[in-house]
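Novice: Supplied in structure tokens, the structure appears directly below.
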Amino acid sequence: MLRSHTCGELRLSHVGQRVALCGWVDTYRDHSGVLFVDLRDRYGKTQVVFAPESGPETLQAAKSLRSEFVVRVHGKVAPRPEGTVNAKLGTGEIEVRAERLEILNKSLNPPFQPTGKELPGEDLRLKYRYVDLRRPEMQRTFILRHRMIKLMRDYFDALGFLEVETPMLGRSTPEGARDYLVPSRVQPGTFYALPQSPQLYKQILMVAGYDRYLQVARCFRDEDLRADRQPEFTQLDLEMSFITADDIIGIIDGLVAGLARQILGLEVPVPLPRMTYDEAMERFGHDAPDLRFGMELIDVTDLAAQAEFRVFRGTVAEGGRVRGVNAKGAADRYSRKGIDELTQYIVEGFGAKGLAWFKVEADGRLASPIAKNFSADLLAKIAARMDAAPGDLLLLVADRFEVTCKALYALRKRFGAELRLYDPAVMNFSWVVEFPMFAYDPDQHGWTAMHHPFTAPRPQDRELLRSEPGKCRAQAYDLVINGSEAGGGTIRIHQQELQQEVFGLLGIDAATAQERFGFLLDALQYGAPPHGGIALGIDRMVMLFAGLDSIRDCIAFPKTQRATDLMTGAPGAVDSKQMRELGIICQNPRNRP
RNA sequence: GGGGGCGUAGCUCAAUUGGUUAGAGUACCGGACUGUCGAUCCGGUGGUUGCGGGUUCGAUUCCCGUCGCCCUCGCCA
């Protein structure tokens, strides 16, 4: 070892010891006769003093030090002189009097200071990721990430789970997200696909009798990126046999409570609250509601039907809904122009036809350009239904149910942030359960799986599969943290006949099913136990637990929104030789042989 | 694929209605300084205003195109 201690370790109790420290030059303060260097590693900072007693050679060498040089210092731990203690540093009561200095490596002047007060643009941070990752905030995040994953592994290990690795090179299944493809050299013209999740493998492991499976699994989906979405991400993937949905939920409750206690010091009461999908859509307009604040959606369809207002009546007559939110005390926060902006936001972003609004005046009456279309009695009823108080801003959307959900969910989310309706330090955990089995796809005139095609319906909904698939509910459950989907799982179909039936509903004929999922259908006929599981998005959970706004800040080497790596330049062109070996001809001129 | 924001010194930003030599802080370089810790003081280097085109007597500013980064809709079984 080149060092005897780390830069965050030394205390008054070490005074008098000869030590060797290694680290990066954080800052240096040259007073000509005496020179201070703050030496940094991921454990902390220690002040090293170069003085005449260090010897002329060492002092001279110290003057050549610059930002981010990597050095090794031998010296003696000394208490700091009175009045020079630095309370901001863990090591602030001592300093190391340098006796020898070795420059292990020089550094170019870094493009930005890892401990500077100004955070540079994200593209620069990504290009020089090794400098960015030196920042204490980043190091704290990755220590947190490590601890969370360790706690997860320990928790499931104690419950008897086995960690089993599944292949990265699998076969493409056109359902779901777009696959990342890997050409096969040995089988020219064929492709592997990187896993979107280990879904089928873990079900096979259940058939194989590994009744408690776990994996920290890398997953790949070739879809557009977002602040909380990366093309490759990590799931805590697990599966169990001989269990019910309640068992899975209960085990994850225990995990979440443990993480909250040990990572955040929060006591989270379990069982976590559960809400059905239908309730979530009614009350919040979304299947991952943010329960850190109220402002629930309020239905006024019955009242709207009585108004003279043609937009409302027409919508109701066509089977639509009129719903809204009450932005408490926000009447003054949003001018006419501000409301126009909100209107544009939901019209252009979510296909709403418009936004009706009322400001609640001091006498409790509703003021609005459209108020003349409502009787006083009706306005009073709307005010009462929406719990209106002077100074409130009532916003209403009249449209198809789905559109009111999207638009009002977006408005509620905006108000939550803009009006600071929640404490950023608060963490809220809940479950959304009983998702529909299927969603209707008007483009393809057929049903698509809401979760995935291996999801089991609720036993009591078995008959609905034939009669009314749209009303059939799944044994599915999503973990929601602060309005973010943190994970989801289902009880799987373990009987071949039922699986065939569901494939049939999804428009996957027997031959196609056999071609793509034959191995699973086969396996289901060789003693498949009842089973189910869940996958938690580790990156997202770390992001939420660390209070970060971007998933990129908790992934060591993330991709940009255009799915490139600014440090390595990936993806890049390849040799024509490589292409020939793979039997691939590229249409893009960047890669013509 | 659509909508929006941003792009000026190594970095973070400013620059009046389109008008003089594009500024500041910081970093960097040189000098001074024996107790600093975001050291201080003095001096200095540093610019294809992302790129290309257009309008104009004159463009960082206006217009068009393009590239990059970010947010978002679609997409994400």
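Residues in the structure tokens are named by chain (A, B, ... in the order shown) and by number from 1 within that chain; ligands are numbered from 1 in the order shown.
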At a cut-off of 7 Å, list the chain A residues touching chain B, using only C-alpha atoms (C1' of nucleotides), as a list in words.
Specialist: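 My answer is Arg29, His31, Ser32, Gly33, Val34, Phe36, Pro111, Phe112, Glu118, Pro120, Asp123, Glu175, Gly176, Ala177, Glu223, Asp224, Gly349, Ala449, Met450, His451, His452 and Pro453 of chain A.
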Novice: Can you pull out every residue from region 403-513 of chain A that DSSP, working from the backbone, puts in helix (DSSP H, G or I), and format the result as a PyMOL selection string?
Specialist: chain A and resi 403-418+459-461+464-467+469-471+496-505+510-513
Novice: Would you output that residue set with C-alpha atoms, as a short mmCIF file (atom, residue, chain, number, x, y, z; two decimals), in the first residue's frame?
Specialist:
```cif
data_model
loop_
_atom_site.label_atom_id
_atom_site.label_comp_id
_atom_site.auth_asym_id
_atom_site.auth_seq_id
_atom_site.Cartn_x
_atom_site.Cartn_y
_atom_site.Cartn_z
CA VAL A 403 -58.05 13.11 -22.05
CA THR A 404 -59.32 14.52 -18.74
CA CYS A 405 -56.95 12.12 -16.98
CA LYS A 406 -53.90 13.18 -18.97
CA ALA A 407 -54.61 16.89 -18.90
CA LEU A 408 -55.54 17.11 -15.24
CA TYR A 409 -52.70 14.82 -14.19
CA ALA A 410 -50.32 17.17 -16.00
CA LEU A 411 -51.91 20.25 -14.41
CA ARG A 412 -51.84 18.70 -10.96
CA LYS A 413 -48.20 17.75 -11.37
CA ARG A 414 -47.35 21.30 -12.47
CA PHE A 415 -49.23 22.88 -9.59
CA GLY A 416 -47.55 20.50 -7.17
CA ALA A 417 -44.17 21.83 -8.22
CA GLU A 418 -45.04 25.48 -8.95
CA PRO A 459 -59.36 -15.72 -10.67
CA GLN A 460 -62.77 -14.07 -10.36
CA ASP A 461 -62.24 -12.35 -13.73
CA LEU A 464 -64.46 -11.88 -18.42
CA LEU A 465 -61.54 -12.94 -20.56
CA ARG A 466 -64.07 -14.28 -23.06
CA SER A 467 -67.02 -12.00 -22.46
CA PRO A 469 -61.69 -8.53 -21.96
CA GLY A 470 -61.67 -4.78 -21.31
CA LYS A 471 -63.10 -5.33 -17.85
CA GLN A 496 -50.48 -23.57 -20.86
CA GLU A 497 -54.17 -23.41 -21.86
CA LEU A 498 -54.71 -20.04 -20.21
CA GLN A 499 -51.49 -18.73 -21.74
CA GLN A 500 -52.68 -19.81 -25.20
CA GLU A 501 -55.99 -18.09 -24.59
CA VAL A 502 -54.33 -14.82 -23.65
CA PHE A 503 -52.05 -15.00 -26.67
CA GLY A 504 -55.17 -15.51 -28.75
CA LEU A 505 -56.78 -12.38 -27.33
CA ALA A 510 -50.81 -20.45 -32.20
CA ALA A 511 -48.05 -20.75 -34.79
CA THR A 512 -46.54 -17.38 -33.91
CA ALA A 513 -46.77 -18.11 -30.21
#
```
Novice: Can you tell me, as a PDB file with N, CA, C and O atoms, in the first residue's frame, what residues are no more than 9 Å from region 435-439 of chain A when counting only C-alpha atoms (C1' of nucleotides), ignoring any on the same chain fewer than 2 positions away?
Specialist:
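Below is the file selection-v1.pdb, written as the result:
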```pdb
ATOM      1  N   THR A 276     -56.598   0.848  -6.017  1.00  0.00           N
ATOM      2  CA  THR A 276     -56.800   0.158  -7.292  1.00  0.00           C
ATOM      3  C   THR A 276     -56.487   1.118  -8.435  1.00  0.00           C
ATOM      4  O   THR A 276     -56.505   2.340  -8.277  1.00  0.00           O
ATOM      5  N   TYR A 277     -56.240   0.545  -9.583  1.00  0.00           N
ATOM      6  CA  TYR A 277     -55.983   1.321 -10.789  1.00  0.00           C
ATOM      7  C   TYR A 277     -57.144   2.266 -11.071  1.00  0.00           C
ATOM      8  O   TYR A 277     -56.945   3.453 -11.348  1.00  0.00           O
ATOM      9  N   ASP A 278     -58.385   1.742 -10.969  1.00  0.00           N
ATOM     10  CA  ASP A 278     -59.551   2.582 -11.259  1.00  0.00           C
ATOM     11  C   ASP A 278     -59.621   3.779 -10.320  1.00  0.00           C
ATOM     12  O   ASP A 278     -59.910   4.901 -10.735  1.00  0.00           O
ATOM     13  N   ASP A 287     -51.749   6.303 -13.282  1.00  0.00           N
ATOM     14  CA  ASP A 287     -51.583   5.037 -12.565  1.00  0.00           C
ATOM     15  C   ASP A 287     -50.396   5.050 -11.608  1.00  0.00           C
ATOM     16  O   ASP A 287     -50.100   4.042 -10.976  1.00  0.00           O
ATOM     17  N   VAL A 432     -50.242   0.521  -6.423  1.00  0.00           N
ATOM     18  CA  VAL A 432     -51.424   0.556  -7.279  1.00  0.00           C
ATOM     19  C   VAL A 432     -51.644  -0.875  -7.758  1.00  0.00           C
ATOM     20  O   VAL A 432     -50.696  -1.529  -8.235  1.00  0.00           O
ATOM     21  N   VAL A 433     -52.858  -1.381  -7.574  1.00  0.00           N
ATOM     22  CA  VAL A 433     -53.136  -2.792  -7.857  1.00  0.00           C
ATOM     23  C   VAL A 433     -54.344  -2.926  -8.788  1.00  0.00           C
ATOM     24  O   VAL A 433     -55.038  -1.937  -9.074  1.00  0.00           O
ATOM     25  N   ASP A 441     -56.173  -1.014 -28.441  1.00  0.00           N
ATOM     26  CA  ASP A 441     -55.348  -0.243 -29.366  1.00  0.00           C
ATOM     27  C   ASP A 441     -56.171   0.062 -30.605  1.00  0.00           C
ATOM     28  O   ASP A 441     -56.395  -0.812 -31.435  1.00  0.00           O
ATOM     29  N   GLY A 446     -57.350  -3.927 -31.804  1.00  0.00           N
ATOM     30  CA  GLY A 446     -57.242  -5.126 -30.980  1.00  0.00           C
ATOM     31  C   GLY A 446     -56.711  -4.800 -29.594  1.00  0.00           C
ATOM     32  O   GLY A 446     -56.415  -3.651 -29.273  1.00  0.00           O
ATOM     33  N   TRP A 447     -56.601  -5.864 -28.792  1.00  0.00           N
ATOM     34  CA  TRP A 447     -56.132  -5.687 -27.423  1.00  0.00           C
ATOM     35  C   TRP A 447     -54.619  -5.812 -27.352  1.00  0.00           C
ATOM     36  O   TRP A 447     -54.018  -6.585 -28.084  1.00  0.00           O
ATOM     37  N   THR A 448     -54.027  -5.014 -26.462  1.00  0.00           N
ATOM     38  CA  THR A 448     -52.606  -5.184 -26.161  1.00  0.00           C
ATOM     39  C   THR A 448     -52.478  -5.420 -24.659  1.00  0.00           C
ATOM     40  O   THR A 448     -53.337  -4.995 -23.886  1.00  0.00           O
ATOM     41  N   ALA A 449     -51.410  -6.100 -24.284  1.00  0.00           N
ATOM     42  CA  ALA A 449     -51.208  -6.399 -22.864  1.00  0.00           C
ATOM     43  C   ALA A 449     -50.828  -5.119 -22.140  1.00  0.00           C
ATOM     44  O   ALA A 449     -49.962  -4.375 -22.594  1.00  0.00           O
ATOM     45  N   MET A 450     -51.502  -4.843 -21.037  1.00  0.00           N
ATOM     46  CA  MET A 450     -51.183  -3.649 -20.257  1.00  0.00           C
ATOM     47  C   MET A 450     -49.792  -3.818 -19.628  1.00  0.00           C
ATOM     48  O   MET A 450     -49.013  -2.881 -19.615  1.00  0.00           O
ATOM     49  N   HIS A 451     -49.520  -5.003 -19.117  1.00  0.00           N
ATOM     50  CA  HIS A 451     -48.211  -5.235 -18.485  1.00  0.00           C
ATOM     51  C   HIS A 451     -47.360  -6.089 -19.425  1.00  0.00           C
ATOM     52  O   HIS A 451     -46.523  -5.579 -20.131  1.00  0.00           O
ATOM     53  N   HIS A 452     -47.570  -7.372 -19.453  1.00  0.00           N
ATOM     54  CA  HIS A 452     -46.974  -8.218 -20.480  1.00  0.00           C
ATOM     55  C   HIS A 452     -47.860  -9.438 -20.669  1.00  0.00           C
ATOM     56  O   HIS A 452     -48.751  -9.694 -19.857  1.00  0.00           O
ATOM     57  N   PRO A 453     -47.654 -10.198 -21.721  1.00  0.00           N
ATOM     58  CA  PRO A 453     -48.617 -11.245 -22.089  1.00  0.00           C
ATOM     59  C   PRO A 453     -48.615 -12.448 -21.149  1.00  0.00           C
ATOM     60  O   PRO A 453     -49.403 -13.368 -21.359  1.00  0.00           O
ATOM     61  N   THR A 455     -49.090 -12.189 -17.856  1.00  0.00           N
ATOM     62  CA  THR A 455     -49.781 -11.767 -16.639  1.00  0.00           C
ATOM     63  C   THR A 455     -51.072 -12.553 -16.436  1.00  0.00           C
ATOM     64  O   THR A 455     -51.869 -12.706 -17.359  1.00  0.00           O
ATOM     65  N   ALA A 456     -51.278 -13.014 -15.209  1.00  0.00           N
ATOM     66  CA  ALA A 456     -52.484 -13.794 -14.901  1.00  0.00           C
ATOM     67  C   ALA A 456     -53.637 -12.871 -14.538  1.00  0.00           C
ATOM     68  O   ALA A 456     -53.450 -11.881 -13.826  1.00  0.00           O
ATOM     69  N   PRO A 457     -54.843 -13.200 -15.044  1.00  0.00           N
ATOM     70  CA  PRO A 457     -56.022 -12.439 -14.620  1.00  0.00           C
ATOM     71  C   PRO A 457     -56.393 -12.814 -13.194  1.00  0.00           C
ATOM     72  O   PRO A 457     -55.970 -13.857 -12.686  1.00  0.00           O
ATOM     73  N   LEU A 465     -62.509 -12.800 -19.494  1.00  0.00           N
ATOM     74  CA  LEU A 465     -61.544 -12.940 -20.565  1.00  0.00           C
ATOM     75  C   LEU A 465     -62.253 -13.181 -21.890  1.00  0.00           C
ATOM     76  O   LEU A 465     -61.847 -12.655 -22.931  1.00  0.00           O
ATOM     77  N   PRO A 469     -63.114  -8.621 -22.308  1.00  0.00           N
ATOM     78  CA  PRO A 469     -61.687  -8.535 -21.964  1.00  0.00           C
ATOM     79  C   PRO A 469     -61.317  -7.179 -21.363  1.00  0.00           C
ATOM     80  O   PRO A 469     -60.448  -7.092 -20.499  1.00  0.00           O
ATOM     81  N   GLY A 470     -61.992  -6.114 -21.808  1.00  0.00           N
ATOM     82  CA  GLY A 470     -61.672  -4.780 -21.314  1.00  0.00           C
ATOM     83  C   GLY A 470     -61.921  -4.617 -19.828  1.00  0.00           C
ATOM     84  O   GLY A 470     -61.334  -3.740 -19.194  1.00  0.00           O
ATOM     85  N   LYS A 471     -62.794  -5.453 -19.279  1.00  0.00           N
ATOM     86  CA  LYS A 471     -63.097  -5.327 -17.847  1.00  0.00           C
ATOM     87  C   LYS A 471     -62.308  -6.314 -17.000  1.00  0.00           C
ATOM     88  O   LYS A 471     -62.416  -6.315 -15.778  1.00  0.00           O
ATOM     89  N   CYS A 472     -61.526  -7.142 -17.655  1.00  0.00           N
ATOM     90  CA  CYS A 472     -60.761  -8.161 -16.944  1.00  0.00           C
ATOM     91  C   CYS A 472     -59.583  -7.511 -16.217  1.00  0.00           C
ATOM     92  O   CYS A 472     -58.809  -6.771 -16.815  1.00  0.00           O
ATOM     93  N   ARG A 473     -59.467  -7.799 -14.918  1.00  0.00           N
ATOM     94  CA  ARG A 473     -58.374  -7.214 -14.133  1.00  0.00           C
ATOM     95  C   ARG A 473     -57.260  -8.224 -13.923  1.00  0.00           C
ATOM     96  O   ARG A 473     -57.525  -9.431 -13.796  1.00  0.00           O
ATOM     97  N   ALA A 474     -56.037  -7.705 -13.860  1.00  0.00           N
ATOM     98  CA  ALA A 474     -54.869  -8.574 -13.720  1.00  0.00           C
ATOM     99  C   ALA A 474     -54.423  -8.657 -12.267  1.00  0.00           C
ATOM    100  O   ALA A 474     -54.724  -7.785 -11.459  1.00  0.00           O
ATOM    101  N   GLN A 475     -53.717  -9.699 -11.956  1.00  0.00           N
ATOM    102  CA  GLN A 475     -53.045  -9.793 -10.660  1.00  0.00           C
ATOM    103  C   GLN A 475     -51.716  -9.050 -10.801  1.00  0.00           C
ATOM    104  O   GLN A 475     -50.660  -9.652 -10.885  1.00  0.00           O
ATOM    105  N   ALA A 476     -51.835  -7.722 -10.855  1.00  0.00           N
ATOM    106  CA  ALA A 476     -50.666  -6.882 -11.108  1.00  0.00           C
ATOM    107  C   ALA A 476     -50.563  -5.831 -10.018  1.00  0.00           C
ATOM    108  O   ALA A 476     -51.562  -5.443  -9.426  1.00  0.00           O
ATOM    109  N   TYR A 477     -49.318  -5.395  -9.777  1.00  0.00           N
ATOM    110  CA  TYR A 477     -49.087  -4.428  -8.701  1.00  0.00           C
ATOM    111  C   TYR A 477     -47.889  -3.570  -9.054  1.00  0.00           C
ATOM    112  O   TYR A 477     -46.858  -4.059  -9.502  1.00  0.00           O
ATOM    113  N   ASP A 478     -48.032  -2.266  -8.890  1.00  0.00           N
ATOM    114  CA  ASP A 478     -46.936  -1.326  -9.146  1.00  0.00           C
ATOM    115  C   ASP A 478     -46.560  -0.624  -7.851  1.00  0.00           C
ATOM    116  O   ASP A 478     -47.444  -0.153  -7.122  1.00  0.00           O
ATOM    117  N   LEU A 506     -54.578 -11.460 -27.680  1.00  0.00           N
ATOM    118  CA  LEU A 506     -53.625 -10.428 -28.086  1.00  0.00           C
ATOM    119  C   LEU A 506     -53.319 -10.509 -29.577  1.00  0.00           C
ATOM    120  O   LEU A 506     -52.471  -9.768 -30.076  1.00  0.00           O
TER     121      LEU A 506
END
```
Novice: Considering only C-alpha atoms (C1' of nucleotides), return as a list in words whatever protein or nucleic-acid residues lie within 12 Å of G31 (chain B), sequence-local ones (same chain, fewer than 4 positions apart) excluded.
Specialist: Ser32 of chain A; C41, C42, G43 and G44 of chain B
Novice: Per DSSP on the backbone, filter region 91-189 of chain A down to the residues in strand (DSSP E) and report them as a PyMOL selection string.
Specialist: chain A and resi 94-105+162-163+181-183
Novice: Would you work out the distance separating CA of Asp522 (chain A) from CA of Gly160 (chain A), expressed in Å to one decimal?
Specialist: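 Atom-to-atom, CA of Asp522 (chain A) and CA of Gly160 (chain A) are spaced 27.8 Å apart.
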Novice: Which distance in Å separates CA of Thr115 (chain A) and CA of Arg134 (chain A), to one decimal?
Specialist: 8.3 Å
Novice: Using only C-alpha atoms, what table do you get, as CSV, when you list each residue of region 98-201 of chain A with an atom no more than 9 Å from region 38-49 of chain A, its nearest pair of atoms, and their distance in Å rounded to one decimal, rows by chain then rising number?
Specialist:
```
residue,atom,partner,partner_atom,distance
A:Ala98,CA,A:Val49,CA,5.8
A:Arg134,CA,A:Arg42,CA,7.4
A:Arg135,CA,A:Arg42,CA,8.7
A:Pro136,CA,A:Arg42,CA,7.1
A:Gln139,CA,A:Arg42,CA,6.9
A:Arg140,CA,A:Arg42,CA,8.9
```
Novice: Could you take the residues named above and write them with C-alpha atoms, as an mmCIF file, in the first residue's frame?
Specialist:
```
data_model
loop_
_atom_site.group_PDB
_atom_site.id
_atom_site.type_symbol
_atom_site.label_atom_id
_atom_site.label_comp_id
_atom_site.auth_asym_id
_atom_site.auth_seq_id
_atom_site.Cartn_x
_atom_site.Cartn_y
_atom_site.Cartn_z
ATOM 1 C CA ALA A 98 5.093 17.114 5.142
ATOM 2 C CA ARG A 134 -14.509 13.021 -8.258
ATOM 3 C CA ARG A 135 -17.117 15.479 -6.990
ATOM 4 C CA PRO A 136 -18.088 14.616 -3.417
ATOM 5 C CA GLN A 139 -19.290 9.992 -4.701
ATOM 6 C CA ARG A 140 -22.007 10.251 -2.063
#
```
